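So this block is run05.txt, compact mmCIF, C-alpha atoms and all ligand atoms:
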# COMPACT_ATOMS: atom_id res chain seq x y z
CA MET A 864 0.00 0.00 0.00
CA LYS A 865 1.40 3.42 -0.93
CA ARG A 866 2.04 6.03 1.73
CA ALA A 867 -0.78 8.30 0.52
CA GLU A 868 -3.29 5.42 0.71
CA ARG A 869 -2.00 4.48 4.15
CA ALA A 870 -2.43 8.06 5.33
CA LYS A 871 -6.00 8.11 4.03
CA ARG A 872 -6.89 4.86 5.75
CA ILE A 873 -5.21 5.98 8.98
CA GLY A 874 -7.08 9.31 8.76
CA ALA A 875 -10.41 7.47 8.42
CA ILE A 876 -9.63 5.30 11.48
CA LEU A 877 -8.61 8.36 13.52
CA ASP A 878 -11.79 10.19 12.46
CA ARG A 879 -13.86 7.22 13.58
CA LEU A 880 -12.06 6.96 16.94
CA TYR A 881 -11.79 10.70 17.65
CA PRO A 882 -14.31 12.61 15.51
CA LEU A 883 -13.97 15.88 17.41
CA PRO A 884 -10.78 15.72 19.48
CA PRO A 885 -10.94 18.33 22.25
CA ILE A 886 -8.02 20.59 23.17
CA PRO A 887 -6.65 18.89 26.29
CA LEU A 888 -5.18 21.95 28.07
CA ARG A 889 -7.83 24.12 29.73
CA HIS A 890 -7.58 27.83 28.96
CA GLU A 891 -9.70 30.89 28.34
CA SER A 892 -7.38 32.97 26.17
CA PRO A 893 -4.36 32.60 23.88
CA PHE A 894 -2.21 33.77 26.81
CA GLN A 895 -3.52 31.04 29.10
CA LEU A 896 -3.04 28.42 26.39
CA LEU A 897 0.54 29.58 25.85
CA VAL A 898 1.27 29.32 29.57
CA ALA A 899 -0.36 25.88 29.75
CA VAL A 900 1.67 24.58 26.79
CA VAL A 901 4.90 25.87 28.34
CA LEU A 902 3.96 24.07 31.57
CA SER A 903 3.16 20.83 29.73
CA ALA A 904 6.80 19.98 28.85
CA GLN A 905 7.73 16.76 30.70
CA THR A 906 4.37 16.87 32.52
CA THR A 907 0.97 15.34 31.79
CA ASP A 908 -1.84 17.57 30.56
CA ALA A 909 -3.90 16.41 33.55
CA GLN A 910 -1.21 17.71 35.90
CA VAL A 911 -1.09 21.05 34.07
CA ASN A 912 -4.89 21.32 34.30
CA ARG A 913 -4.60 20.81 38.05
CA VAL A 914 -2.22 23.73 38.58
CA THR A 915 -3.50 26.29 36.06
CA PRO A 916 -6.81 27.25 37.75
CA ALA A 917 -4.98 28.74 40.76
CA LEU A 918 -2.27 30.26 38.56
CA PHE A 919 -4.82 31.87 36.21
CA ARG A 920 -6.90 33.15 39.14
CA ARG A 921 -3.78 34.93 40.37
CA ALA A 922 -2.51 35.91 36.90
CA PRO A 923 -5.18 35.79 34.20
CA ALA A 924 -3.17 38.00 31.83
CA PRO A 925 0.52 38.78 31.09
CA GLU A 926 0.68 41.96 33.20
CA ALA A 927 -0.26 40.12 36.38
CA LEU A 928 2.12 37.22 35.70
CA ALA A 929 5.00 39.58 34.92
CA ALA A 930 4.36 41.35 38.24
CA MET A 931 4.55 38.11 40.26
CA ARG A 932 7.77 37.11 41.97
CA GLU A 933 9.44 33.98 40.65
CA PRO A 934 9.15 32.06 43.96
CA GLU A 935 5.44 32.83 44.01
CA ILE A 936 5.00 31.38 40.51
CA LEU A 937 7.13 28.39 41.48
CA LYS A 938 4.93 27.71 44.50
CA LEU A 939 1.86 27.48 42.28
CA ILE A 940 3.43 25.23 39.64
CA ARG A 941 5.77 23.18 41.83
CA SER A 942 4.08 19.85 41.07
CA CYS A 943 4.94 20.16 37.36
CA GLY A 944 8.24 18.77 36.06
CA LEU A 945 11.09 21.26 35.60
CA ALA A 946 9.16 23.74 37.75
CA PRO A 947 12.07 26.09 38.63
CA SER A 948 13.05 26.73 35.01
CA LYS A 949 9.39 26.98 33.99
CA ALA A 950 8.74 29.60 36.70
CA ARG A 951 11.71 31.60 35.42
CA ASN A 952 10.62 31.28 31.79
CA LEU A 953 6.98 32.15 32.53
CA LYS A 954 7.97 35.38 34.25
CA ARG A 955 10.31 36.33 31.38
CA LEU A 956 7.68 35.30 28.84
CA ALA A 957 4.99 37.44 30.46
CA GLN A 958 7.40 40.38 30.66
CA ALA A 959 8.27 40.02 26.96
CA LEU A 960 4.56 39.99 26.06
CA VAL A 961 4.05 43.20 28.04
CA ASP A 962 7.21 44.92 26.75
CA ASP A 963 7.15 43.88 23.10
CA HIS A 964 3.58 42.92 22.22
CA GLY A 965 1.33 45.27 24.18
CA GLY A 966 0.32 42.50 26.59
CA ARG A 967 -1.04 40.28 23.82
CA VAL A 968 0.11 36.95 22.41
CA PRO A 969 1.33 37.55 18.86
CA ALA A 970 -0.49 35.50 16.19
CA ASP A 971 2.75 34.99 14.29
CA ILE A 972 4.87 31.86 14.53
CA ASP A 973 8.21 33.68 14.24
CA ASP A 974 7.26 36.19 16.95
CA LEU A 975 6.08 33.33 19.16
CA GLU A 976 9.31 31.38 18.70
CA ARG A 977 11.31 34.42 19.79
CA LEU A 978 9.57 34.47 23.19
CA PRO A 979 11.52 33.07 26.18
CA GLY A 980 10.90 29.36 26.71
CA VAL A 981 8.82 28.98 23.54
CA GLY A 982 10.04 26.51 20.93
CA HIS A 983 8.66 25.58 17.54
CA LYS A 984 6.27 22.93 18.89
CA THR A 985 4.77 25.25 21.51
CA ALA A 986 4.43 28.03 18.92
CA SER A 987 2.70 25.60 16.52
CA VAL A 988 0.21 24.49 19.17
CA VAL A 989 -0.68 28.11 19.95
CA MET A 990 -0.97 29.07 16.26
CA ASN A 991 -3.37 26.20 15.67
CA GLN A 992 -5.37 25.95 18.88
CA ALA A 993 -5.57 29.65 19.82
CA PHE A 994 -5.63 31.26 16.39
CA GLY A 995 -6.98 28.50 14.14
CA GLU A 996 -3.97 28.65 11.81
CA PRO A 997 -2.91 25.42 10.09
CA ALA A 998 0.00 23.89 12.01
CA PHE A 999 1.12 20.33 12.73
CA PRO A 1000 2.93 20.30 16.08
CA VAL A 1001 5.14 17.21 16.29
CA ASP A 1002 6.46 15.98 19.61
CA THR A 1003 8.40 12.78 20.27
CA HIS A 1004 5.16 10.75 20.59
CA ILE A 1005 3.85 11.85 17.21
CA HIS A 1006 7.33 11.39 15.74
CA ARG A 1007 7.36 7.76 16.93
CA LEU A 1008 3.83 7.03 15.72
CA ALA A 1009 4.55 8.51 12.29
CA ALA A 1010 7.53 6.13 12.01
CA ARG A 1011 5.54 3.10 13.21
CA TRP A 1012 2.75 3.88 10.79
CA ARG A 1013 5.29 4.32 8.00
CA LEU A 1014 4.21 7.88 7.29
CA SER A 1015 7.69 9.29 7.75
CA ARG A 1016 11.28 8.15 7.86
CA GLY A 1017 12.26 11.40 9.53
CA THR A 1018 15.16 11.08 11.92
CA ASN A 1019 14.06 14.17 13.83
CA VAL A 1020 10.80 15.95 14.63
CA GLU A 1021 11.43 18.68 12.04
CA GLN A 1022 11.65 16.16 9.18
CA THR A 1023 8.63 14.23 10.46
CA GLU A 1024 6.62 17.46 10.63
CA ARG A 1025 7.50 18.20 6.99
CA ASP A 1026 6.44 14.67 5.93
CA LEU A 1027 3.14 14.78 7.83
CA LYS A 1028 2.35 18.20 6.39
CA THR A 1029 2.94 16.83 2.91
CA ILE A 1030 0.83 13.75 3.33
CA PHE A 1031 -2.18 15.19 5.19
CA PRO A 1032 -4.21 18.08 3.74
CA ARG A 1033 -3.59 21.44 5.39
CA GLU A 1034 -7.08 21.69 6.84
CA GLU A 1035 -6.55 18.39 8.70
CA TRP A 1036 -3.20 19.19 10.36
CA GLY A 1037 -4.45 20.43 13.73
CA LYS A 1038 -7.02 17.66 14.04
CA ARG A 1039 -4.51 14.94 13.07
CA HIS A 1040 -2.07 16.26 15.68
CA LEU A 1041 -4.68 15.93 18.42
CA GLN A 1042 -5.94 12.56 17.17
CA MET A 1043 -2.41 11.12 17.15
CA ILE A 1044 -1.83 12.40 20.69
CA TYR A 1045 -5.05 10.75 21.90
CA PHE A 1046 -4.32 7.55 19.99
CA GLY A 1047 -0.84 7.26 21.47
CA ARG A 1048 -2.14 7.80 24.99
CA GLN A 1049 -4.93 5.30 24.64
CA HIS A 1050 -3.38 2.59 22.49
CA CYS A 1051 0.37 2.66 22.99
CA PRO A 1052 1.20 1.40 26.46
CA ALA A 1053 4.89 1.44 27.31
CA ARG A 1054 5.13 -2.36 27.28
CA ASN A 1055 3.19 -5.59 26.86
CA HIS A 1056 1.17 -4.50 23.91
CA ASP A 1057 0.19 -6.71 21.02
CA ALA A 1058 0.53 -5.03 17.64
CA ALA A 1059 -2.00 -7.52 16.20
CA GLN A 1060 -4.67 -5.92 18.40
CA CYS A 1061 -3.85 -2.40 17.30
CA PRO A 1062 -6.34 -0.75 14.90
CA ILE A 1063 -3.46 0.64 12.85
CA CYS A 1064 -0.22 -1.26 13.46
CA SER A 1065 -2.09 -4.54 12.83
CA TRP A 1066 -2.22 -3.80 9.08
CA VAL A 1067 0.29 -1.07 8.43
CA GLY A 1068 3.41 -3.30 8.35
CA ARG A 1069 6.69 -2.73 10.11
CA PRO A 1070 9.07 0.04 9.13
CA SER A 1071 12.20 -1.53 7.69
CA PRO A 1072 15.45 0.43 7.48
CA GLY A 1073 16.28 -0.39 3.88
CA ARG A 1074 12.85 0.02 2.34
CA SER A 1075 11.47 3.17 0.80
CA LEU A 1076 8.11 4.40 2.09
CA SER A 1077 6.78 5.03 -1.43
S1 LIG B 1101 0.90 -1.49 17.83
FE1 LIG B 1101 -0.59 0.09 18.25
S2 LIG B 1101 -0.27 0.29 20.40
FE2 LIG B 1101 1.60 -0.60 19.62
S3 LIG B 1101 2.89 1.07 18.97
FE3 LIG B 1101 1.70 0.54 17.20
S4 LIG B 1101 0.05 2.03 17.37
FE4 LIG B 1101 0.90 1.91 19.35
Represent the structure of the file as structure tokens.
Ligand code: SF4
Amino acid sequence: MKRAERAKRIGAILDRLYPLPPIPLRHESPFQLLVAVVLSAQTTDAQVNRVTPALFRRAPAPEALAAMREPEILKLIRSCGLAPSKARNLKRLAQALVDDHGGRVPADIDDLERLPGVGHKTASVVMNQAFGEPAFPVDTHIHRLAARWRLSRGTNVEQTERDLKTIFPREEWGKRHLQMIYFGRQHCPARNHDAAQCPICSWVGRPSPGRSLS
């Protein structure tokens, strides 16, 4: 089966399993989404959703977060992984939004990537989920799934993102990102799983190093 056909069949399965995948990080503004995505590195979305209500009550917008002291931010987010560096980055990020963007989150991927603590994946999530722009954020989970499903032979997330953007239509990118995240969480346990039971790996075939994806 050619890669384009595989992508179509995988897309149909994902649509059946997750017809309307919700955005997992709770937020009420682009700013709150940006903060939540920064917090989600090395932390589960559920954990982020546990800490953000108190943080957003205290700092619903960049001005208030920039005015908080770093230890105060740290206290509110301590249960997230990498909390000390996240507290530092969040304060700098909020300050940069106030100083350089009039207290608003810029709807521009290059501007977003220039903000402290914001990488390409975070910027892509915000562009898509806050501003509705087509983007296909690829993290290590999506990178692995794309390889297992023989959609990409990318050796890094950048290459995999380019492949997925080529194979899926632009209007599907954001939805496919979320569907792959949900699929990975639900179907890909760390061990003891049987590929024959998997709705996708059971038919997709194994990636083999020498073979072209076609
Ligand atoms: S077989 Fe299914 S559960 Fe296992 S890695 Fe592939 S997609 Fe995930």
| field | Two-atom distance - atom CA of A:Pro923, atom CA of A:Lys954 (Å) | value |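 Atom CA of A:Lys954 lies at a distance of 13.2 Å from atom CA of A:Pro923.
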| task | Rank nothing, just name the residue among A:Met864, A:Leu1014, A:Leu1008, A:Leu877 nearest to ligand LIG 1101 (chain B), using all atoms listed in the file. | result |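 Ranked by minimum distance to ligand LIG 1101 (chain B), first place goes to A:Leu1008.
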Which residues form the shell of 9 Å around ligand LIG 1101 (chain B) when you count only C-alpha atoms and all ligand atoms, given as a tab-separated table (two decimals) with C-alpha atoms, in the frame of the given file?
chain	number	residue	atom	x	y	z
A	1007	ARG	CA	7.36	7.76	16.93
A	1008	LEU	CA	3.83	7.03	15.72
A	1011	ARG	CA	5.54	3.10	13.21
A	1012	TRP	CA	2.75	3.88	10.79
A	1046	PHE	CA	-4.32	7.55	19.99
A	1047	GLY	CA	-0.84	7.26	21.47
A	1048	ARG	CA	-2.14	7.80	24.99
A	1049	GLN	CA	-4.93	5.30	24.64
A	1050	HIS	CA	-3.38	2.59	22.49
A	1051	CYS	CA	0.37	2.66	22.99
A	1052	PRO	CA	1.20	1.40	26.46
A	1053	ALA	CA	4.89	1.44	27.31
A	1054	ARG	CA	5.13	-2.36	27.28
A	1055	ASN	CA	3.19	-5.59	26.86
A	1056	HIS	CA	1.17	-4.50	23.91
A	1057	ASP	CA	0.19	-6.71	21.02
A	1058	ALA	CA	0.53	-5.03	17.64
A	1059	ALA	CA	-2.00	-7.52	16.20
A	1060	GLN	CA	-4.67	-5.92	18.40
A	1061	CYS	CA	-3.85	-2.40	17.30
A	1062	PRO	CA	-6.34	-0.75	14.90
A	1063	ILE	CA	-3.46	0.64	12.85
A	1064	CYS	CA	-0.22	-1.26	13.46
A	1065	SER	CA	-2.09	-4.54	12.83
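Remark: for A:Gln910, the closest of the candidate residues A:Arg941, A:His1040, A:Arg932, A:Lys1028 is A:Arg941 (distances computed over all atoms listed in the file).
Picture a line from atom CA of A:Val1067 to atom CA of A:Ala998; it runs 25.2 Å.
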Report as CSV the residues of stretch 916-945 of chain A within 8 Å of stretch 894-898 of chain A, each with its shortest atom pair and distance in Å (one decimal), using all atoms listed in the file, ordered by chain and increasing residue number.
residue,atom,partner,partner_atom,distance
A:Phe919,CA,A:Gln895,CA,7.3
A:Pro923,CA,A:Gln895,CA,7.2
A:Ala924,CA,A:Phe894,CA,6.6
A:Pro925,CA,A:Phe894,CA,7.1
| task | Mind checking which residues fall within 12 Å of A:Asp971, counting all atoms listed in the file, ignoring those fewer than 5 positions away in the same chain, and posting them as a PyMOL selection string? | result | chain A and resi 964+976-978+983+986-991+993-998
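Between A:Gly1037 and the candidates A:Glu1024, A:Glu933, A:Asp974, A:Glu868, the tightest atom-to-atom separation, counting all atoms listed in the file, involves A:Glu1024.
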| field | Pairwise distance for atom CA of A:Leu1027 and atom CA of A:Lys871, rounded to one decimal in Å | value |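 Between atom CA of A:Leu1027 and atom CA of A:Lys871 the gap is 11.9 Å.
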Using all atoms of stretch 1052-1068 of chain A listed in the file and a margin of 8 Å per side, can you give the axis-aligned box centre and edge lengths in Å to one decimal, as AutoDock Vina command-line options?
--center_x -0.6 --center_y -3.0 --center_z 17.8 --size_x 27.5 --size_y 25.0 --size_z 35.0
| task | Could you please give me, as a list in words, the residues of protein, DNA or RNA lying at most 10 Å from (8.4, 22.1, 34.7) in the coordinate frame of the file, considering all atoms listed in the file? | result | Val901, Leu902, Ser903, Ala904, Gln905, Thr906, Val911, Leu937, Ile940, Arg941, Ser942, Cys943, Gly944, Leu945, Ala946, Pro947, Ser948, Lys949, Ala950 and Asn952 of chain A
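The residue that comes closest to A:Leu1041, out of A:Glu1021, A:Asp973, A:Asp1026, A:Asp1002 and on the basis of only C-alpha atoms, is A:Asp1002.
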| task | Choose the residue, out of A:Arg866, A:Arg872, A:Arg920, A:Arg913, that has the smallest atom-to-atom separation from A:Arg1013; count all atoms listed in the file. | result | A:Arg866
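Among the candidates A:Gln958, A:Phe999, A:Pro893, A:Arg1069, the one nearest to A:Glu1034 when counting only C-alpha atoms is A:Phe999.
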Please rebuild stretch 889-912 of chain A with N, CA and C atoms and return the result as a tab-separated table (two decimals), in the coordinates of the input.
chain	number	residue	atom	x	y	z
A	889	ARG	N	-6.76	23.13	29.49
A	889	ARG	CA	-7.83	24.12	29.73
A	889	ARG	C	-7.29	25.54	29.71
A	890	HIS	N	-8.04	26.43	29.06
A	890	HIS	CA	-7.58	27.83	28.96
A	890	HIS	C	-8.76	28.68	28.52
A	891	GLU	N	-8.63	29.98	28.77
A	891	GLU	CA	-9.70	30.89	28.34
A	891	GLU	C	-9.19	32.00	27.45
A	892	SER	N	-7.94	31.93	27.06
A	892	SER	CA	-7.38	32.97	26.17
A	892	SER	C	-6.11	32.41	25.55
A	893	PRO	N	-5.64	33.04	24.45
A	893	PRO	CA	-4.36	32.60	23.88
A	893	PRO	C	-3.23	32.65	24.91
A	894	PHE	N	-3.25	33.67	25.79
A	894	PHE	CA	-2.21	33.77	26.81
A	894	PHE	C	-2.24	32.54	27.73
A	895	GLN	N	-3.42	32.19	28.18
A	895	GLN	CA	-3.52	31.04	29.10
A	895	GLN	C	-3.13	29.74	28.40
A	896	LEU	N	-3.46	29.62	27.11
A	896	LEU	CA	-3.04	28.42	26.39
A	896	LEU	C	-1.52	28.38	26.29
A	897	LEU	N	-0.93	29.52	25.96
A	897	LEU	CA	0.54	29.58	25.85
A	897	LEU	C	1.20	29.16	27.16
A	898	VAL	N	0.71	29.68	28.26
A	898	VAL	CA	1.27	29.32	29.57
A	898	VAL	C	1.09	27.82	29.82
A	899	ALA	N	-0.08	27.30	29.51
A	899	ALA	CA	-0.36	25.88	29.75
A	899	ALA	C	0.56	24.99	28.90
A	900	VAL	N	0.80	25.40	27.65
A	900	VAL	CA	1.67	24.58	26.79
A	900	VAL	C	3.11	24.61	27.31
A	901	VAL	N	3.55	25.79	27.76
A	901	VAL	CA	4.90	25.87	28.34
A	901	VAL	C	5.00	24.94	29.55
A	902	LEU	N	3.94	24.92	30.37
A	902	LEU	CA	3.96	24.07	31.57
A	902	LEU	C	3.92	22.59	31.23
A	903	SER	N	3.42	22.25	30.03
A	903	SER	CA	3.16	20.83	29.73
A	903	SER	C	4.43	20.05	29.36
A	904	ALA	N	5.56	20.72	29.16
A	904	ALA	CA	6.80	19.98	28.85
A	904	ALA	C	7.13	19.04	30.01
A	905	GLN	N	7.36	17.78	29.69
A	905	GLN	CA	7.73	16.76	30.70
A	905	GLN	C	6.70	16.62	31.81
A	906	THR	N	5.44	16.94	31.52
A	906	THR	CA	4.37	16.87	32.52
A	906	THR	C	3.10	16.45	31.79
A	907	THR	N	2.22	15.73	32.47
A	907	THR	CA	0.97	15.34	31.79
A	907	THR	C	0.03	16.54	31.70
A	908	ASP	N	-0.85	16.50	30.70
A	908	ASP	CA	-1.84	17.57	30.56
A	908	ASP	C	-2.73	17.62	31.81
A	909	ALA	N	-3.04	16.45	32.36
A	909	ALA	CA	-3.90	16.41	33.55
A	909	ALA	C	-3.24	17.18	34.70
A	910	GLN	N	-1.92	17.00	34.84
A	910	GLN	CA	-1.21	17.71	35.90
A	910	GLN	C	-1.23	19.22	35.65
A	911	VAL	N	-1.04	19.62	34.40
A	911	VAL	CA	-1.09	21.05	34.07
A	911	VAL	C	-2.48	21.60	34.40
A	912	ASN	N	-3.52	20.85	34.03
A	912	ASN	CA	-4.89	21.32	34.30
A	912	ASN	C	-5.18	21.41	35.79
